[in-house]
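Inspection log for the structure reproduced underneath, given as structure tokens.
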Number of protein chains: 2
Amino acid sequence: MKGSEGLLATAAAAGVDTCFANPGTTEIPLVEAFDQVPGMRAVLGLSEGVVTGAADGYGRMTGTPALTLLHLGPGFANGIANLHNARRARTPIINLVGEHATWHQAADAPLHSDIESLASPVSGWVGRTSSTAAAAGEFAEAYLASLRTRLPATLIAAADHMWGQGGMPVQVPAAPERPQVDEQRIAEIAKVLSAGRRPVLLLGGQAVESAEALRTAARIAATAGAEVLAERGSARMERGPGIPPVRMLPYFPEAVTETFEGFSDLILVGARTPVSFFGYRGQPSHPLPDGLKVHELADTEADALHALAALAEATGSAAEEPPRAQRPEVAKPSGALDANAIAAAIVLTQPDNAIIVNEGVSSAAAYPAIADAAPAHCELSQTGGAIGMGMPVATGAAIACPDRAVITLQADGSAAYTAQALWTQARESLNVTTVICSNSRYRILDHELQRAGVDDPGAAAASMTSLGDPALDWPAVARGFGVEAIRATTGEELLDALQQAQRRSGPLLVEAVL
Amino acid sequence: MKGSEGLLATAAAAGVDTCFANPGTTEIPLVEAFDQVPGMRAVLGLSEGVVTGAADGYGRMTGTPALTLLHLGPGFANGIANLHNARRARTPIINLVGEHATWHQAADAPLHSDIESLASPVSGWVGRTSSTAAAAGEFAEAYLASLRTRLPATLIAAADHMWGQGGMPVQVPAAPERPQVDEQRIAEIAKVLSAGRRPVLLLGGQAVESAEALRTAARIAATAGAEVLAERGSARMERGPGIPPVRMLPYFPEAVTETFEGFSDLILVGARTPVSFFGYRGQPSHPLPDGLKVHELADTEADALHALAALAEATGSAAEEPPRAQRPEVAKPSGALDANAIAAAIVLTQPDNAIIVNEGVSSAAAYPAIADAAPAHCELSQTGGAIGMGMPVATGAAIACPDRAVITLQADGSAAYTAQALWTQARESLNVTTVICSNSRYRILDHELQRAGVDDPGAAAASMTSLGDPALDWPAVARGFGVEAIRATTGEELLDALQQAQRRSGPLLVEAVL
């Protein structure tokens with residue numbers, strides 16, 4: 001068997017069954033092997049930003065790594081931005097990067113470059129195949145690393161190792177469990193909660209991906225008189241009628257500081273100490289009020305579910321009913337569209353168990369603000385700030401969960417990065433509805449110019465935030481990539497378009513004109 | 001003055017007058033400065049692959065660097081593939097990469113990453129600003145490095161250094177000249193040429209960018225009974241009635257070896273020893289016949305123009321008339337389209353002094369095979385193999401040369417990487433005609449599967465080379481990005497479309513359906 005076949009057979013036996021791909025000549029032996037090794041679905045993307053973003057979406061939904069298949073350094077490079085987001089989302093991914101045959105690398109052929117240097121900033125593990133026989137074992141290392149670190153792992157596969165005979169699959173050992181928080185830490189946090197001060201729990205990572213964890217946190221908070229908040233930019237957050245609503249931290253640092261005013265103790269549960277997205281003059285990197293004490297129950301690596309369960313026991317709140325918080329009322333949007341109207345239209349039409357991918361940027365916050373009124377769903381957010389994740393992540397989430405509706409809340413400026421993802425949605429007949437928040441601006445940069453004191457930008461600065469001349473014709477872009485499209489300019493039209501989307505199968509794009 | 005203003009003023013004073021940009025929050029001080037510093041044109045791209053490819057096209061045409069303005073590591077990463085091509089083209093470019101304020105970097109905010117690690121593989125120089133006052137001097141270092149190395153130089157500009165007061169422009173010293181080849185080397189090569197064997201000159205880089213160099217090489221060859229060939233994948237190659245035709249090396253290594261059969265001595269003039277684009281089983285990395293001796297007149301850094309002039313003197317060929325080689329006859333294409341028909345239609349309609357950007361991939365070779373029949377023009381090729389350069393490079397070339405028509409010969413698979421460039425062409429009203437070679441396949445991969453012995457690929461492998469389900473609707477994509485479009489299915493329709501393109505101003509896309 002070829003090296004490529006041994007490698008893919010190892011992957012398939014470990015349960016890795018999906019490969020998002022944009023291959024070239026150096027990857028031909030792996031492309032051939034797709035037909036020799038049963039159980040691997042190969043999904044083509046028109047550019048590598050689609051490929052890696054889809055692997056992120058897939059991994060966020062399944063907790064297991066998809067493969068990506070990328071063409072040498074430049075092909076990998078095109079996928080870095082969405083791997084950066086995957087790194088921040090703590091998504092396991094295994095990148096297979098084709099490389100020149102070993103004997104050809106010294107010749108510095110046109111596509112040769114330093115792949116390790118490109119891969120390291122977005123990978124928890126980087127390695128190379130060392131021979132045809134060893135390649136499957138090296139794949140197994142990458143697989144385990146992706147699950148141990150919960151980060152992309154990158155294996156650089158030389159073409160001659162892949163086309164050579166003598167490949168042999170290996171059995172992959174069981175994936176490591178998350179480390180558990182020790183009892184002393186649980187006892188310390190229980191003591192903080194029972195001290196009669198004003199504590200607040202900040203949930204992130206695993207703690208917002210589980211309905212049970214969200215309920216347990218609410219029980220603990222109810223017993224201790226604490227509040228529960230969620231980190232901004234979660235990889236996946238569960239919501240629904242059976243889950244206590246949790247408010248999300250705001251974006252700008254002064255608003256984060258204000259949110260924590262009056263609290264005595266901040267308890268991190270799978271979350272990091274809040275960090276300002278950017279550094280602003282006069283604002284600290286960690287926007288917290290003076291005197292707020294930070295405690296860590298579970299870091300982003302630890303088993304937050306176990307820690308919460310243990311804390312509930314220690315605080316005597318395990319049997320407590322989670323509090324019945326009020327859920328927002330959402331009115332039907334009518335007339336001209338704005339971010340709130342778009343969010344309302346989605347909340348009012350999304351079917352049960354939908355996956356919401358939110359790359360709304362300046363329109364993003366409106367959705368989580370009212371999403372507790374929606375049926376059970378999960379929301380996948382922009383985690384790393386590298387724009388262009390929405391449509392690719394939605395593509396991968398739809399491949400992972402073919403029975404669930406996927407709805408992408410998508411800013412137009414970010415959409416223009418990776419609109420090619422629509423083609424894969426069409427090709428694979430995925431149930432993805434993309435709602436483009438079409439304001440023909442990089443609106444967030446208008447805000448940032450104002451924050452920098454530029455109330456009346458000059459012509460050049462203004463031109464850097466405007467996408468209006470010419471305005472993008474999103475229905476035309478969608479049709480170009482094989483996806484049907486509807487333009488909506490009012491709340492009524494948008495509701496109608498989203499209802500149509502749920503009655504049909506396959507992808508649809510809805511341009512919501514702001 | 002702010003740090004950003006001192007930096008831009010330094011650039012403008014050095015003659016750097018164009019900045020291709022896709023900025024974000026950390027670049028706001030530089031965006032503001034566009035309006036404060038006269039003489040800098042800021043051109044927005046919808047994604048960074050457009051931005052860096054445009055800077056490559058600009059630099060190939062002018063020989064001087066454009067700026068790029070990119071948003072932290074992920075923004076830079078999106079531009080790496082086209083910087084890889086620029087590196088292979090030896091194009092000077094200055095990348096300004098915005099970075100978090102210095103005091104915010106340790107907080108590991110979501111967009112934080114190792115920018116140096118990303119930048120090194122595609123940069124001849126990487127540096128960081130060290131203070132507001134020093135930033136302009138550090139820019140001057142980057143400027144000189146880009147011209148000394150003829151590679152992208154990357155300056156990472158911290159937001160607080162840019163927004164701080166105390167910026168001061170500096171005067172940039174004159175750019176270094178290319179090193180000259182010494183007399184002894186000239187004499188040695190002259191001796192090789194006069195030895196009565198069968199020498200061949202291989203031209204590359206600077207030697208094909210100058211009509212005079214091409215004529216001098218032809219004179220030398222005529223005197224010595226030598227042949228002249230050109231490297232494949234030149235950054236810019238001049239052609240026209242006043243320039244002796246020069247055959248280009250073929251793509252596959254066995255054909256390269258065959259081309260050199262019968263020659264005794266290979267003399268490199270601004271070219272590298274030929275390297276196989278990929279490593280193939282049974283083919284060497286350097287596809288040359290046994291016994292061919294390789295000599296270097298001028299390496300890719302050296303002043304090849306001077307070396308050729310000195311060699312002409314030394315061989316007594318300076319006064320020789322360049323030989324009158326036969327020029328190809330080109331018939332009007334008719335009926336169904338193929339790669340030859342597309343090339344013929346371009347050759348027959350391109351106006352005087354056009355710029356041809358060739359990213360035809362499997363349709364690429366047909367154009368240079370007959371381009372000596374065309375009016376004077378230059379051709380910009382795919383240098384590094386990172387696909388998606390065609391439309392961005394054309395955009396930058398059109399900005400650099402507003403009085404010349406730009407025609408992009410563009411493979412469809414590669415076009416799908418960076419089709420966003422069309423929007424910048426529309427916004428800036430650039431005279432670019434994009435001819436999409438629309439075969440709905442990654443045809444080159446079909447060839448590569450055959451070379452690997454897979455004559456009848458399985459369903460999965462076949463799906464990795466097909467773009468047909470759904471077929472991309474290129475006129476719709478173009479209109480989506482604000483560019484008018486025509487679909488042509490016959491030679492007659494294509495000729496008509498290209499004639500229309502030359503009668504109008506502004507961009508046009510022509511889908512040539514194969």
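Residue numbers start at 1 in each chain; chains themselves are named A, B, ... in the order of the structure tokens; ligands are numbered from 1 in the order shown.
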
Spatial neighbours of A:Pro274, max dist 12 Å, only C-alpha atoms, sep filter under 5 positions, as a PyMOL selection string: (chain A and resi 202-204+229-233+248-257+259-260+266-268+284-289+294) or (chain B and resi 107-110)

Nearby residues (only C-alpha atoms) at most 7 Å from B:Val347, same-chain spacing under 4 positions excluded, as a PDB file with C-alpha atoms, in the first residue's frame:
```
ATOM      1  CA  ALA B 343      -4.365  33.268 -27.520  1.00  0.00           C
ATOM      2  CA  ALA B 371       3.011  36.541 -29.060  1.00  0.00           C
ATOM      3  CA  ALA B 373       3.073  38.333 -33.926  1.00  0.00           C
ATOM      4  CA  ALA B 374       1.523  40.936 -31.624  1.00  0.00           C
TER       5      ALA B 374
END
```

Shell around B:Ile186 at 7 Å using only C-alpha atoms, local window under 6 positions removed, as a PyMOL selection string: chain B and resi 297+310-311

I'd like the contact shell of B:Leu96 - 7 Å cut-off, only C-alpha atoms, skipping same-chain residues fewer than 5 positions apart - returned as a tab-separated table (two decimals) with N, CA and C atoms, in the first residue's frame.
```
chain	number	residue	atom	x	y	z
B	67	LEU	N	3.49	50.49	-1.44
B	67	LEU	CA	3.18	50.04	-0.07
B	67	LEU	C	2.00	49.09	-0.10
B	68	THR	N	1.99	48.17	0.86
B	68	THR	CA	0.73	47.51	1.21
B	68	THR	C	0.44	47.89	2.65
B	69	LEU	N	-0.83	47.96	3.00
B	69	LEU	CA	-1.24	48.23	4.38
B	69	LEU	C	-2.14	47.07	4.81
B	70	LEU	N	-1.68	46.32	5.80
B	70	LEU	CA	-2.31	45.04	6.15
B	70	LEU	C	-2.57	44.98	7.65
B	154	THR	N	9.11	43.88	5.07
B	154	THR	CA	7.93	43.95	5.93
B	154	THR	C	8.25	44.72	7.20
B	155	LEU	N	7.55	45.83	7.40
B	155	LEU	CA	7.71	46.64	8.61
B	155	LEU	C	6.44	46.53	9.45
B	156	ILE	N	6.61	46.04	10.67
B	156	ILE	CA	5.49	45.85	11.59
B	156	ILE	C	5.37	47.11	12.43
B	157	ALA	N	4.27	47.81	12.28
B	157	ALA	CA	4.12	49.15	12.85
B	157	ALA	C	3.14	49.12	14.02
```

Near-A:Pro392 list (6 Å; only C-alpha atoms; drop same-chain fewer than 5 positions) as a list in words: Val50, Gly53, Ala54 and Ala421 of chain A

Where in stretch 157-224 of chain A does DSSP assign strand (DSSP E), given as a list in words?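 Written out, the strand (DSSP E) residues of stretch 157-224 of chain A are Ala157, Ala158, Pro199, Val200, Leu201, Leu202 and Leu203 of chain A.
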
Resulting file, chosen residues, all heavy atoms, as a PDB file, in the first residue's frame:
```pdb
ATOM      1  N   ALA A 157       3.602  16.615   4.388  1.00  0.00           N
ATOM      2  CA  ALA A 157       3.729  15.268   3.806  1.00  0.00           C
ATOM      3  C   ALA A 157       4.473  15.359   2.479  1.00  0.00           C
ATOM      4  O   ALA A 157       3.951  15.886   1.498  1.00  0.00           O
ATOM      5  CB  ALA A 157       2.336  14.655   3.613  1.00  0.00           C
ATOM      6  N   ALA A 158       5.694  14.820   2.449  1.00  0.00           N
ATOM      7  CA  ALA A 158       6.499  14.864   1.222  1.00  0.00           C
ATOM      8  C   ALA A 158       5.887  13.941   0.166  1.00  0.00           C
ATOM      9  O   ALA A 158       5.451  12.828   0.468  1.00  0.00           O
ATOM     10  CB  ALA A 158       7.928  14.439   1.525  1.00  0.00           C
ATOM     11  N   PRO A 199     -19.928  37.904  43.966  1.00  0.00           N
ATOM     12  CA  PRO A 199     -19.146  37.224  42.940  1.00  0.00           C
ATOM     13  C   PRO A 199     -19.866  37.180  41.589  1.00  0.00           C
ATOM     14  O   PRO A 199     -21.087  37.320  41.517  1.00  0.00           O
ATOM     15  CB  PRO A 199     -18.973  35.818  43.495  1.00  0.00           C
ATOM     16  CG  PRO A 199     -20.155  35.605  44.384  1.00  0.00           C
ATOM     17  CD  PRO A 199     -20.624  36.962  44.864  1.00  0.00           C
ATOM     18  N   VAL A 200     -19.078  36.992  40.545  1.00  0.00           N
ATOM     19  CA  VAL A 200     -19.629  36.800  39.193  1.00  0.00           C
ATOM     20  C   VAL A 200     -18.842  35.669  38.529  1.00  0.00           C
ATOM     21  O   VAL A 200     -17.614  35.606  38.639  1.00  0.00           O
ATOM     22  CB  VAL A 200     -19.567  38.114  38.360  1.00  0.00           C
ATOM     23  CG1 VAL A 200     -18.173  38.721  38.345  1.00  0.00           C
ATOM     24  CG2 VAL A 200     -20.049  37.896  36.931  1.00  0.00           C
ATOM     25  N   LEU A 201     -19.578  34.749  37.894  1.00  0.00           N
ATOM     26  CA  LEU A 201     -18.943  33.660  37.149  1.00  0.00           C
ATOM     27  C   LEU A 201     -18.822  34.088  35.687  1.00  0.00           C
ATOM     28  O   LEU A 201     -19.800  34.537  35.096  1.00  0.00           O
ATOM     29  CB  LEU A 201     -19.794  32.386  37.206  1.00  0.00           C
ATOM     30  CG  LEU A 201     -20.090  31.758  38.571  1.00  0.00           C
ATOM     31  CD1 LEU A 201     -21.067  30.583  38.399  1.00  0.00           C
ATOM     32  CD2 LEU A 201     -18.806  31.273  39.225  1.00  0.00           C
ATOM     33  N   LEU A 202     -17.639  33.933  35.104  1.00  0.00           N
ATOM     34  CA  LEU A 202     -17.480  34.200  33.667  1.00  0.00           C
ATOM     35  C   LEU A 202     -17.233  32.865  32.965  1.00  0.00           C
ATOM     36  O   LEU A 202     -16.222  32.206  33.195  1.00  0.00           O
ATOM     37  CB  LEU A 202     -16.309  35.160  33.402  1.00  0.00           C
ATOM     38  CG  LEU A 202     -16.115  35.524  31.932  1.00  0.00           C
ATOM     39  CD1 LEU A 202     -17.306  36.304  31.375  1.00  0.00           C
ATOM     40  CD2 LEU A 202     -14.819  36.310  31.725  1.00  0.00           C
ATOM     41  N   LEU A 203     -18.177  32.477  32.128  1.00  0.00           N
ATOM     42  CA  LEU A 203     -18.090  31.179  31.447  1.00  0.00           C
ATOM     43  C   LEU A 203     -17.499  31.339  30.057  1.00  0.00           C
ATOM     44  O   LEU A 203     -17.752  32.318  29.361  1.00  0.00           O
ATOM     45  CB  LEU A 203     -19.487  30.562  31.308  1.00  0.00           C
ATOM     46  CG  LEU A 203     -20.372  30.491  32.548  1.00  0.00           C
ATOM     47  CD1 LEU A 203     -21.662  29.728  32.212  1.00  0.00           C
ATOM     48  CD2 LEU A 203     -19.650  29.834  33.710  1.00  0.00           C
TER      49      LEU A 203
END
```

DSSP on the backbone, then: every residue of stretch 162-328 of chain A marked alpha helix (DSSP H), written as a ChimeraX atom specification. /A:162-163,183-193,211-224,253-260,304-314

Of the candidates B:Arg128, B:Arg479, B:His295, B:Arg504, which one gets nearest to chain A if we count only C-alpha atoms?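 Looking only at the distances to chain A, the closest residue turns out to be B:Arg479.
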
Would you kindly return, as an mmCIF file with C-alpha atoms, in the first residue's frame, each protein, DNA or RNA residue with an atom no farther than 8 Å from any atom of B:Ala81, considering only C-alpha atoms and excluding same-chain residues fewer than 5 positions away?
```
data_model
loop_
_atom_site.group_PDB
_atom_site.id
_atom_site.type_symbol
_atom_site.label_atom_id
_atom_site.label_comp_id
_atom_site.auth_asym_id
_atom_site.auth_seq_id
_atom_site.Cartn_x
_atom_site.Cartn_y
_atom_site.Cartn_z
ATOM 1 C CA PRO A 74 1.294 29.158 -0.435
ATOM 2 C CA GLY A 75 -1.767 26.903 -0.243
ATOM 3 C CA ALA A 77 -0.829 30.426 3.734
ATOM 4 C CA ASN A 78 -4.220 31.114 2.180
ATOM 5 C CA GLY B 49 -4.588 38.644 -1.814
ATOM 6 C CA ALA B 386 0.802 30.415 -5.981
ATOM 7 C CA ILE B 387 -2.435 30.645 -7.930
#
```

For a quick check of understanding, using only C-alpha atoms, which of A:Leu409, A:Ala398, A:Val510, A:Ala119 has the smallest distance to A:Gly360?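 Looking at the shortest contact to A:Gly360, the residue is A:Leu409.
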
Do you know which residues are at most 12 Å from A:Ser113 counting only C-alpha atoms, after dropping those on the same chain fewer than 6 positions away, and could you put them as a PyMOL selection string? (chain A and resi 71-77+98-100+105-107+119) or (chain B and resi 80-81+83-85+87-88+118-123+384-386)

Choose the residue, out of B:His447, B:Arg41, B:Arg148, B:Arg215, that has the smallest atom-to-atom separation from B:Gly242; count only C-alpha atoms.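 Ranked by minimum distance to B:Gly242, first place goes to B:Arg215.
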
Calculate how many Å separate atom CA of B:Ser130 from atom CA of B:Val51, rounding to one decimal. 25.6 Å

Just checking: using only C-alpha atoms, which residue out of A:Arg441, A:Arg324, A:His306, A:Arg503 ends up closest to chain B?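 Of A:Arg441, A:Arg324, A:His306, A:Arg503, the one nearest chain B, counting only C-alpha atoms, is A:Arg441.
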
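Between atom CA of B:Glu116 and atom CA of A:Asn82 lies a distance of 18.4 Å.
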